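> my_file-v7.tsv is reproduced below (TSV, C-alpha atoms).
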```tsv
chain	number	residue	atom	x	y	z
A	1272	MET	CA	47.44	-9.62	-5.58
A	1273	LYS	CA	49.01	-11.47	-2.68
A	1274	LYS	CA	46.29	-10.26	-0.36
A	1275	ASN	CA	43.55	-11.25	-2.79
A	1276	TRP	CA	44.26	-14.98	-3.05
A	1277	TRP	CA	41.09	-15.82	-1.13
A	1278	LYS	CA	38.94	-14.00	-3.68
A	1279	ILE	CA	40.37	-16.19	-6.43
A	1280	LEU	CA	39.91	-19.22	-4.17
A	1281	SER	CA	36.25	-18.29	-3.70
A	1282	PHE	CA	35.76	-18.07	-7.47
A	1283	LEU	CA	37.49	-21.39	-8.13
A	1284	LEU	CA	35.59	-23.17	-5.37
A	1285	LEU	CA	32.23	-21.91	-6.66
A	1286	VAL	CA	33.02	-22.91	-10.24
A	1287	TYR	CA	33.93	-26.34	-8.85
A	1288	THR	CA	30.68	-26.36	-6.88
A	1289	VAL	CA	28.56	-25.72	-9.96
A	1290	LEU	CA	30.47	-28.19	-12.16
A	1291	ALA	CA	30.75	-31.04	-9.66
A	1292	GLY	CA	27.46	-30.15	-8.00
A	1293	PHE	CA	25.40	-30.73	-11.13
A	1294	LEU	CA	27.47	-33.44	-12.77
A	1295	GLY	CA	28.71	-35.42	-9.76
A	1296	LYS	CA	27.11	-38.56	-8.44
A	1297	VAL	CA	24.58	-38.26	-5.62
A	1298	PRO	CA	22.83	-40.98	-3.59
A	1299	ARG	CA	19.51	-42.10	-5.00
A	1300	LEU	CA	17.00	-41.25	-2.28
A	1301	PRO	CA	13.20	-41.33	-2.48
A	1302	ILE	CA	11.33	-37.99	-2.31
A	1303	LEU	CA	14.60	-36.06	-2.54
A	1304	ASN	CA	15.63	-37.39	-5.97
A	1305	GLU	CA	17.92	-34.89	-7.67
A	1306	THR	CA	16.99	-32.10	-5.26
A	1307	ILE	CA	19.67	-33.38	-2.87
A	1308	ARG	CA	22.00	-31.22	-4.96
A	1309	ASN	CA	20.43	-28.24	-3.17
A	1310	MET	CA	22.78	-29.14	-0.34
A	1311	TYR	CA	25.52	-27.32	-2.26
A	1312	PHE	CA	23.48	-24.13	-2.44
A	1313	HIS	CA	20.69	-23.89	0.15
A	1314	VAL	CA	22.60	-25.29	3.14
A	1315	CYS	CA	25.70	-23.27	2.22
A	1316	MET	CA	23.65	-20.09	2.57
A	1317	TRP	CA	22.94	-20.89	6.23
A	1318	PHE	CA	26.55	-21.86	6.91
A	1319	GLY	CA	27.67	-18.62	5.31
A	1320	MET	CA	25.09	-16.63	7.27
A	1321	MET	CA	26.31	-18.14	10.53
A	1322	VAL	CA	29.96	-17.31	9.80
A	1323	LEU	CA	29.08	-13.74	8.79
A	1324	PHE	CA	27.00	-13.24	11.96
A	1325	ILE	CA	29.86	-14.59	14.10
A	1326	ILE	CA	32.27	-12.10	12.49
A	1327	SER	CA	29.70	-9.34	13.02
A	1328	ALA	CA	29.29	-10.21	16.71
A	1329	ILE	CA	33.09	-10.27	17.20
A	1330	TYR	CA	33.38	-6.75	15.76
A	1331	SER	CA	30.53	-5.55	17.96
A	1332	ILE	CA	32.42	-6.81	21.02
A	1333	LYS	CA	35.58	-5.18	19.69
A	1334	TYR	CA	33.67	-1.92	19.27
A	1335	LEU	CA	32.45	-2.04	22.86
A	1336	ARG	CA	36.03	-2.56	24.07
A	1337	ASN	CA	37.58	0.55	22.53
A	1338	PHE	CA	34.73	2.48	20.81
A	1339	ASN	CA	36.51	2.63	17.48
A	1340	HIS	CA	34.00	3.74	14.85
A	1341	LYS	CA	35.67	1.46	12.28
A	1342	PHE	CA	34.52	-1.66	14.12
A	1343	ASP	CA	30.92	-0.43	14.08
A	1344	ILE	CA	31.08	-0.23	10.28
A	1345	TYR	CA	32.58	-3.73	10.16
A	1346	ALA	CA	29.87	-5.17	12.41
A	1347	SER	CA	26.96	-3.63	10.50
A	1348	SER	CA	28.34	-4.62	7.08
A	1349	TYR	CA	28.88	-8.23	8.08
A	1350	ALA	CA	25.43	-8.34	9.69
A	1351	SER	CA	23.77	-7.05	6.52
A	1352	LEU	CA	25.57	-9.63	4.37
A	1353	GLY	CA	24.56	-12.30	6.91
A	1354	CYS	CA	20.94	-11.19	6.53
A	1355	LEU	CA	21.23	-11.38	2.74
A	1356	PHE	CA	22.51	-14.95	3.01
A	1357	GLY	CA	19.77	-15.78	5.50
A	1358	VAL	CA	17.02	-14.42	3.22
A	1359	LEU	CA	18.49	-16.33	0.27
A	1360	GLY	CA	18.59	-19.47	2.41
A	1361	TYR	CA	14.97	-18.92	3.36
A	1362	ILE	CA	13.80	-18.38	-0.23
A	1363	THR	CA	15.73	-21.40	-1.53
A	1364	GLY	CA	14.33	-23.42	1.38
A	1365	THR	CA	10.74	-22.61	0.41
A	1366	GLU	CA	11.50	-23.61	-3.17
A	1367	TRP	CA	12.92	-26.91	-1.97
A	1368	VAL	CA	9.93	-27.46	0.36
A	1369	SER	CA	7.48	-27.03	-2.50
A	1370	VAL	CA	8.63	-30.29	-4.12
A	1371	THR	CA	9.69	-32.40	-1.14
A	1372	TRP	CA	7.40	-31.61	1.79
A	1373	VAL	CA	4.23	-30.36	0.16
A	1374	THR	CA	3.61	-32.77	-2.71
A	1375	ASP	CA	5.33	-36.06	-2.01
A	1376	GLN	CA	4.51	-36.43	1.66
A	1377	ASP	CA	0.89	-35.27	1.33
A	1378	GLN	CA	1.59	-32.27	3.48
A	1379	SER	CA	-0.65	-29.30	3.03
A	1380	PHE	CA	0.86	-25.86	2.72
A	1381	ALA	CA	-0.67	-24.93	6.09
A	1382	SER	CA	1.24	-27.71	7.87
A	1383	VAL	CA	4.48	-26.53	6.27
A	1384	LEU	CA	3.86	-23.05	7.64
A	1385	LYS	CA	3.80	-24.54	11.16
A	1386	GLU	CA	7.34	-25.84	10.75
A	1387	PRO	CA	9.43	-24.88	13.79
A	1388	LYS	CA	12.55	-24.56	11.63
A	1389	LEU	CA	10.85	-22.03	9.36
A	1390	ILE	CA	9.38	-20.05	12.27
A	1391	GLY	CA	12.71	-20.10	14.12
A	1392	ALA	CA	14.63	-18.90	11.09
A	1393	ALA	CA	12.05	-16.18	10.47
A	1394	ILE	CA	12.34	-15.00	14.10
A	1395	ALA	CA	16.15	-14.93	13.86
A	1396	LEU	CA	16.07	-12.92	10.65
A	1397	LEU	CA	13.44	-10.51	12.00
A	1398	ILE	CA	15.59	-9.88	15.07
A	1399	TYR	CA	18.45	-8.96	12.75
A	1400	GLY	CA	16.00	-6.84	10.75
A	1401	ALA	CA	15.27	-4.93	13.95
A	1402	TYR	CA	19.03	-4.32	14.27
A	1403	PHE	CA	18.92	-2.21	11.10
A	1404	VAL	CA	15.72	-0.47	12.19
A	1405	LEU	CA	17.47	0.39	15.44
A	1406	ARG	CA	20.54	1.69	13.64
A	1407	GLY	CA	18.43	3.87	11.38
A	1408	SER	CA	16.49	5.43	14.23
A	1409	PHE	CA	19.44	7.18	15.90
A	1410	THR	CA	20.66	10.60	14.92
A	1411	ASP	CA	23.59	10.61	17.33
A	1412	MET	CA	26.38	8.48	15.87
A	1413	ASP	CA	28.06	7.37	19.09
A	1414	LYS	CA	24.76	6.38	20.62
A	1415	ARG	CA	23.80	4.50	17.50
A	1416	SER	CA	27.06	2.57	17.48
A	1417	ARG	CA	26.91	1.70	21.18
A	1418	VAL	CA	23.27	0.64	21.33
A	1419	SER	CA	23.41	-1.29	18.08
A	1420	ALA	CA	26.61	-3.08	19.16
A	1421	VAL	CA	24.90	-4.27	22.34
A	1422	TYR	CA	21.78	-5.21	20.37
A	1423	ASN	CA	23.88	-7.10	17.81
A	1424	ILE	CA	25.29	-9.31	20.56
A	1425	PHE	CA	21.75	-9.98	21.77
A	1426	ALA	CA	20.62	-10.80	18.22
A	1427	PHE	CA	23.54	-13.19	17.86
A	1428	ALA	CA	22.64	-14.90	21.13
A	1429	MET	CA	19.04	-15.27	19.94
A	1430	LEU	CA	20.22	-17.23	16.88
A	1431	PHE	CA	21.02	-20.24	19.05
A	1432	PRO	CA	17.60	-20.96	20.56
A	1433	SER	CA	15.69	-19.94	17.44
A	1434	ILE	CA	17.53	-21.84	14.73
A	1435	TRP	CA	19.74	-24.36	16.53
A	1436	ILE	CA	17.97	-25.56	19.69
A	1437	ILE	CA	14.17	-25.27	19.41
A	1438	PRO	CA	13.82	-26.85	15.93
A	1439	ARG	CA	15.77	-29.84	17.25
A	1440	LEU	CA	13.49	-30.28	20.28
A	1441	VAL	CA	10.14	-30.36	18.54
A	1442	GLY	CA	8.86	-32.52	15.69
A	1443	SER	CA	9.66	-31.21	12.24
A	1444	LEU	CA	9.95	-32.34	8.67
A	1445	HIS	CA	13.31	-30.63	8.41
A	1446	PRO	CA	16.32	-32.95	8.72
A	1447	GLY	CA	17.76	-32.83	12.23
A	1448	ALA	CA	14.44	-32.76	14.07
A	1449	PRO	CA	13.51	-35.59	16.50
A	1450	GLY	CA	11.01	-36.98	13.96
A	1451	SER	CA	13.73	-37.61	11.41
A	1452	ASP	CA	16.50	-40.13	11.89
A	1453	SER	CA	19.51	-37.86	11.56
A	1454	GLY	CA	20.86	-35.97	14.53
A	1455	ASN	CA	22.33	-33.20	12.45
A	1456	PRO	CA	20.45	-31.20	9.81
A	1457	ALA	CA	20.99	-33.08	6.55
A	1458	LEU	CA	24.57	-33.98	7.44
A	1459	ASP	CA	23.59	-37.55	8.20
A	1460	LYS	CA	25.88	-40.17	6.71
A	1461	ASN	CA	22.86	-41.93	5.17
A	1462	ASP	CA	21.88	-38.84	3.21
A	1463	MET	CA	25.27	-37.50	2.30
A	1464	ASP	CA	28.02	-39.85	1.15
A	1465	MET	CA	31.73	-39.02	0.95
A	1466	GLY	CA	31.46	-37.92	-2.69
A	1467	MET	CA	28.90	-35.30	-1.70
A	1468	ARG	CA	31.00	-34.11	1.23
A	1469	ALA	CA	33.93	-33.53	-1.12
A	1470	ILE	CA	31.74	-30.99	-2.91
A	1471	PHE	CA	29.73	-29.70	0.04
A	1472	TYR	CA	32.54	-28.43	2.27
A	1473	PRO	CA	34.40	-26.61	-0.54
A	1474	ALA	CA	31.02	-25.11	-1.49
A	1475	VAL	CA	30.53	-23.83	2.08
A	1476	ILE	CA	33.97	-22.20	2.02
A	1477	GLY	CA	33.40	-20.75	-1.45
A	1478	TRP	CA	30.04	-19.17	-0.63
A	1479	THR	CA	31.27	-17.85	2.71
A	1480	LEU	CA	34.32	-16.24	1.10
A	1481	LEU	CA	32.06	-14.62	-1.51
A	1482	GLY	CA	29.94	-13.19	1.32
A	1483	VAL	CA	33.04	-11.89	3.11
A	1484	TRP	CA	34.29	-10.33	-0.14
A	1485	ILE	CA	31.04	-8.42	-0.74
A	1486	ALA	CA	31.03	-7.38	2.94
A	1487	THR	CA	34.56	-5.97	2.62
A	1488	ILE	CA	33.43	-3.94	-0.42
A	1489	LYS	CA	30.55	-2.54	1.67
A	1490	ILE	CA	32.97	-1.76	4.49
A	1491	ARG	CA	35.40	0.05	2.19
A	1492	ILE	CA	32.62	2.22	0.74
A	1493	GLN	CA	31.46	3.15	4.24
A	1494	LEU	CA	35.05	3.84	5.37
A	1495	ILE	CA	35.51	6.27	2.46
A	1496	LYS	CA	32.19	7.96	3.33
A	1497	ASP	CA	33.06	8.30	7.02
A	1498	LYS	CA	36.72	9.14	6.50
A	1499	SER	CA	36.44	12.55	8.15
A	1500	ILE	CA	34.79	11.05	11.24
A	1501	ILE	CA	37.30	8.24	11.68
A	1502	ASN	CA	40.37	10.41	11.24
A	1503	GLY	CA	39.01	13.52	12.97
B	781	MET	CA	-25.82	-68.07	18.95
B	782	ASP	CA	-23.91	-70.31	16.58
B	783	LYS	CA	-24.71	-68.06	13.65
B	784	GLN	CA	-23.48	-65.08	15.56
B	785	HIS	CA	-20.27	-66.92	16.39
B	786	PHE	CA	-19.76	-67.78	12.73
B	787	LEU	CA	-20.33	-64.17	11.69
B	788	HIS	CA	-17.81	-63.03	14.26
B	789	ARG	CA	-15.20	-65.51	12.94
B	790	LEU	CA	-15.91	-64.39	9.39
B	791	TYR	CA	-15.56	-60.77	10.38
B	792	SER	CA	-12.25	-61.25	12.15
B	793	PHE	CA	-10.93	-63.37	9.27
B	794	SER	CA	-11.85	-60.76	6.67
B	795	MET	CA	-10.25	-58.05	8.83
B	796	LYS	CA	-7.06	-60.06	9.05
B	797	ALA	CA	-7.06	-60.78	5.32
B	798	GLY	CA	-7.65	-57.13	4.59
B	799	MET	CA	-4.79	-56.21	6.87
B	800	TYR	CA	-2.47	-58.65	5.11
B	801	ILE	CA	-3.38	-57.29	1.70
B	802	PHE	CA	-2.91	-53.76	2.99
B	803	LEU	CA	0.51	-54.55	4.42
B	804	LEU	CA	1.47	-56.37	1.25
B	805	LEU	CA	0.50	-53.34	-0.81
B	806	ILE	CA	2.47	-51.02	1.46
B	807	SER	CA	5.54	-53.24	1.42
B	808	THR	CA	5.53	-53.67	-2.37
B	809	ASN	CA	5.05	-49.96	-2.71
B	810	SER	CA	7.99	-49.10	-0.46
B	811	PHE	CA	10.01	-51.87	-2.12
B	812	ALA	CA	9.39	-50.29	-5.48
B	813	GLN	CA	10.44	-46.94	-4.07
B	814	THR	CA	13.78	-48.14	-2.80
B	815	GLU	CA	14.42	-50.14	-5.97
B	816	GLN	CA	13.93	-47.37	-8.45
B	817	VAL	CA	14.30	-43.78	-7.37
B	818	ASP	CA	13.62	-41.34	-10.17
B	819	MET	CA	16.67	-39.33	-11.06
B	820	ALA	CA	17.37	-37.10	-14.04
B	821	ASP	CA	18.94	-39.95	-15.95
B	822	ALA	CA	17.31	-39.10	-19.27
B	823	MET	CA	18.52	-35.52	-18.99
B	824	ARG	CA	22.02	-36.74	-18.25
B	825	SER	CA	22.06	-39.37	-21.00
B	826	ASN	CA	21.22	-36.94	-23.78
B	827	GLY	CA	23.56	-34.31	-22.43
B	828	LYS	CA	21.02	-31.56	-21.76
B	829	ILE	CA	22.32	-31.12	-18.20
B	830	TYR	CA	25.42	-29.44	-19.61
B	831	ILE	CA	23.27	-26.54	-20.74
B	832	VAL	CA	22.09	-26.03	-17.15
B	833	VAL	CA	25.68	-26.11	-15.95
B	834	ALA	CA	26.67	-23.63	-18.67
B	835	VAL	CA	23.86	-21.25	-17.70
B	836	CYS	CA	24.73	-21.39	-14.00
B	837	LEU	CA	28.42	-20.90	-14.74
B	838	THR	CA	27.63	-17.89	-16.94
B	839	ILE	CA	25.64	-16.26	-14.16
B	840	LEU	CA	28.32	-17.07	-11.59
B	841	ILE	CA	31.16	-15.73	-13.74
B	842	GLY	CA	29.12	-12.64	-14.58
B	843	LEU	CA	28.51	-11.96	-10.90
B	844	PHE	CA	32.17	-12.43	-10.07
B	845	ILE	CA	33.26	-10.06	-12.86
B	846	TYR	CA	30.82	-7.47	-11.48
B	847	VAL	CA	32.05	-7.83	-7.90
B	848	TYR	CA	35.66	-7.73	-9.13
B	849	SER	CA	35.04	-4.51	-11.06
B	850	LEU	CA	33.41	-2.98	-7.96
B	851	ASP	CA	36.44	-4.03	-5.94
B	852	ARG	CA	38.82	-2.34	-8.40
B	853	LYS	CA	36.72	0.81	-8.57
B	854	ILE	CA	36.84	1.19	-4.80
B	855	SER	CA	40.59	0.51	-4.77
B	856	ARG	CA	41.01	3.39	-7.23
B	857	ILE	CA	38.94	5.73	-5.04
B	858	GLU	CA	40.94	4.66	-1.98
B	859	LYS	CA	44.18	5.52	-3.78
B	860	GLU	CA	42.89	8.93	-4.82
B	861	GLN	CA	42.14	9.92	-1.24
```
Have the structure of the file written as structure tokens, please.

Amino acid sequence: MKKNWWKILSFLLLVYTVLAGFLGKVPRLPILNETIRNMYFHVCMWFGMMVLFIISAIYSIKYLRNFNHKFDIYASSYASLGCLFGVLGYITGTEWVSVTWVTDQDQSFASVLKEPKLIGAAIALLIYGAYFVLRGSFTDMDKRSRVSAVYNIFAFAMLFPSIWIIPRLVGSLHPGAPGSDSGNPALDKNDMDMGMRAIFYPAVIGWTLLGVWIATIKIRIQLIKDKSIING
Amino acid sequence: MDKQHFLHRLYSFSMKAGMYIFLLLISTNSFAQTEQVDMADAMRSNGKIYIVVAVCLTILIGLFIYVYSLDRKISRIEKEQ
């Protein structure tokens, strides 16, 4: 139980997120209205994805340092959970777009599809998708682990231009782009007051811990499956 | 020549007036927007929002119970080996 305190913390933080997230006070902003509460869910998915991909990249580097098969399992499990969070972030983003960008700002659906943030995120997720295609295409285990570890580091590096840099350089409806006033995606002090931050950051931690928990379950299953390889 | 001049003055005046009315409309419109942003006040006042919270909490707790049971199942398998 002592080792599992963070699982309980994750549960408590997410219960707090749902309670305070729906019932708490939020700034009254035009267009956004109540949808600003999506900050506690949609944005947390991307934060969680980033943390999971960082952990995955660290384990890939660790694998390349001593070729321990365990680290390969760690890296792939964290990467798959990161992809799950990314896909959830993408889906929730499209749902949010449908009421804020498309209708209220007279944007057509075609103009939303040109959004650099959406294209960048899609590229980043597809690169990670290719990571799993690559893993599946090897029959030799050592080769698979080595090549996919190197590829995972490349995929991690590609995250930065595709979701962090390019969407900030070109015009976009997404918060954080040069067209909007805030320098940081939706973390502007005009959009998010202190009351929202008190819910947002615990929410980020809660969601991320949940992702890590599910990833550890995946890892443990794979470790049991590959027990003979790791010990032998 | 004089008539043409008059028409030109009239034209520019009407353009200006139109512009003023247009700006006035825009400004009142944006003023109205900042004054009264629609929020789910009605939903909150009659308490229906609590049902949404209850539904979300049910799903969340259900998911956590499932993940927890998976965790325990794997712990048992790990012990057996």
> Mind pulling up the distance from CA of Val1475 (chain A) to CA of Tyr1361 (chain A)?
16.4 Å
> Considering all atoms listed in the file, extract the chain A residues located within 6 Å of chain B and return them as a list in words.
Arg1299, Pro1301, Asn1304 and Glu1305 of chain A
> The residues within 12 Å of (16.0, -20.8, 16.3), using all atoms listed in the file and the coordinates of the file, should be reported as a list in words; which are they?
Glu1386, Pro1387, Lys1388, Leu1389, Ile1390, Gly1391, Ala1392, Ala1393, Ile1394, Ala1395, Leu1396, Leu1397, Ile1398, Ala1426, Phe1427, Ala1428, Met1429, Leu1430, Phe1431, Pro1432, Ser1433, Ile1434, Trp1435, Ile1436, Ile1437, Pro1438, Arg1439, Leu1440 and Val1441 of chain A
> What's the separation between CA of Ser1347 (chain A) and CA of Gly1364 (chain A), in Å to one decimal place?
25.2 Å
> Which residues come within 12 Å of Lys1341 (chain A), counting only C-alpha atoms, excluding same-chain residues fewer than 4 positions away, as a ChimeraX atom specification?
/A:1330-1331,1333-1335,1337,1345-1348,1413,1416,1490-1502
> When you draw a straight line from CA of Met1463 (chain A) to CA of Leu1300 (chain A), how long is it in Å?
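A separation of 10.2 Å between them.
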> Measuring between all atoms listed in the file, which one of A:Val1297, A:Ala1486, A:Ile1344, A:Leu1290 shows the shortest distance to Met1467 (chain A)?
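Checking each candidate against Met1467 (chain A), we get A:Val1297 as the closest.
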> Counting all atoms listed in the file, I want the residues whose atoms come within 8 Å of (26.9, -13.8, 8.3) in the file frame, returned as a PDB file with C-alpha atoms, in the frame of the given file.

```pdb
ATOM      1  CA  GLY A1319      27.670 -18.620   5.310  1.00  0.00           C
ATOM      2  CA  MET A1320      25.090 -16.630   7.270  1.00  0.00           C
ATOM      3  CA  MET A1321      26.310 -18.140  10.530  1.00  0.00           C
ATOM      4  CA  VAL A1322      29.960 -17.310   9.800  1.00  0.00           C
ATOM      5  CA  LEU A1323      29.080 -13.740   8.790  1.00  0.00           C
ATOM      6  CA  PHE A1324      27.000 -13.240  11.960  1.00  0.00           C
ATOM      7  CA  ILE A1325      29.860 -14.590  14.100  1.00  0.00           C
ATOM      8  CA  ILE A1326      32.270 -12.100  12.490  1.00  0.00           C
ATOM      9  CA  SER A1327      29.700  -9.340  13.020  1.00  0.00           C
ATOM     10  CA  TYR A1349      28.880  -8.230   8.080  1.00  0.00           C
ATOM     11  CA  ALA A1350      25.430  -8.340   9.690  1.00  0.00           C
ATOM     12  CA  SER A1351      23.770  -7.050   6.520  1.00  0.00           C
ATOM     13  CA  LEU A1352      25.570  -9.630   4.370  1.00  0.00           C
ATOM     14  CA  GLY A1353      24.560 -12.300   6.910  1.00  0.00           C
ATOM     15  CA  CYS A1354      20.940 -11.190   6.530  1.00  0.00           C
ATOM     16  CA  PHE A1356      22.510 -14.950   3.010  1.00  0.00           C
ATOM     17  CA  GLY A1357      19.770 -15.780   5.500  1.00  0.00           C
ATOM     18  CA  GLY A1482      29.940 -13.190   1.320  1.00  0.00           C
TER      19      GLY A1482
END
```
> Set the distance at 8 Å and use only C-alpha atoms: which residues neighbour Val1383 (chain A) once local chain neighbours fewer than 3 positions away are removed? I'd like the list as an MDAnalysis selection string.
chainID A and resid 1372:1373 1378:1380 1386
> Box time for region 1275-1287 of chain A: axis-aligned, enclosing all its listed atoms, 8 Å extra on each side; report centre and edge lengths in Å to one decimal, as lines of an AutoDock Vina configuration file.

```
center_x = 38.2
center_y = -18.8
center_z = -5.7
size_x = 28.0
size_y = 31.1
size_z = 25.1
```
> Output requested as a compact mmCIF listing (two decimals), in the coordinates of the input - region 1299-1318 of chain A, filled out with N, CA and C atoms.

```txt
# COMPACT_ATOMS: atom_id res chain seq x y z
N ARG A 1299 20.89 -42.07 -4.50
CA ARG A 1299 19.51 -42.10 -5.00
C ARG A 1299 18.57 -42.27 -3.81
N LEU A 1300 17.89 -41.21 -3.44
CA LEU A 1300 17.00 -41.25 -2.28
C LEU A 1300 15.58 -40.93 -2.71
N PRO A 1301 14.58 -41.65 -2.15
CA PRO A 1301 13.20 -41.33 -2.48
C PRO A 1301 12.83 -39.94 -1.98
N ILE A 1302 11.82 -39.34 -2.61
CA ILE A 1302 11.33 -37.99 -2.31
C ILE A 1302 12.34 -36.93 -2.72
N LEU A 1303 13.60 -37.08 -2.24
CA LEU A 1303 14.60 -36.06 -2.54
C LEU A 1303 14.97 -36.05 -4.03
N ASN A 1304 15.17 -37.25 -4.58
CA ASN A 1304 15.63 -37.39 -5.97
C ASN A 1304 16.85 -36.49 -6.23
N GLU A 1305 16.76 -35.73 -7.31
CA GLU A 1305 17.92 -34.89 -7.67
C GLU A 1305 18.03 -33.65 -6.79
N THR A 1306 16.96 -33.35 -6.04
CA THR A 1306 16.99 -32.10 -5.26
C THR A 1306 18.02 -32.14 -4.15
N ILE A 1307 18.62 -33.31 -3.89
CA ILE A 1307 19.67 -33.38 -2.87
C ILE A 1307 20.83 -32.47 -3.24
N ARG A 1308 20.94 -32.14 -4.53
CA ARG A 1308 22.00 -31.22 -4.96
C ARG A 1308 21.83 -29.83 -4.36
N ASN A 1309 20.63 -29.53 -3.85
CA ASN A 1309 20.43 -28.24 -3.17
C ASN A 1309 21.31 -28.08 -1.96
N MET A 1310 21.84 -29.19 -1.47
CA MET A 1310 22.78 -29.14 -0.34
C MET A 1310 23.93 -28.17 -0.63
N TYR A 1311 24.36 -28.15 -1.90
CA TYR A 1311 25.52 -27.32 -2.26
C TYR A 1311 25.17 -25.83 -2.33
N PHE A 1312 23.88 -25.53 -2.28
CA PHE A 1312 23.48 -24.13 -2.44
C PHE A 1312 22.68 -23.65 -1.23
N HIS A 1313 21.57 -24.33 -0.94
CA HIS A 1313 20.69 -23.89 0.15
C HIS A 1313 21.39 -23.97 1.51
N VAL A 1314 21.98 -25.11 1.82
CA VAL A 1314 22.60 -25.29 3.14
C VAL A 1314 23.81 -24.37 3.29
N CYS A 1315 24.52 -24.16 2.18
CA CYS A 1315 25.70 -23.27 2.22
C CYS A 1315 25.32 -21.85 2.60
N MET A 1316 24.10 -21.44 2.20
CA MET A 1316 23.65 -20.09 2.57
C MET A 1316 23.59 -19.95 4.09
N TRP A 1317 23.07 -20.97 4.77
CA TRP A 1317 22.94 -20.89 6.23
C TRP A 1317 24.30 -20.97 6.90
N PHE A 1318 25.19 -21.80 6.37
CA PHE A 1318 26.55 -21.86 6.91
C PHE A 1318 27.22 -20.50 6.77
```
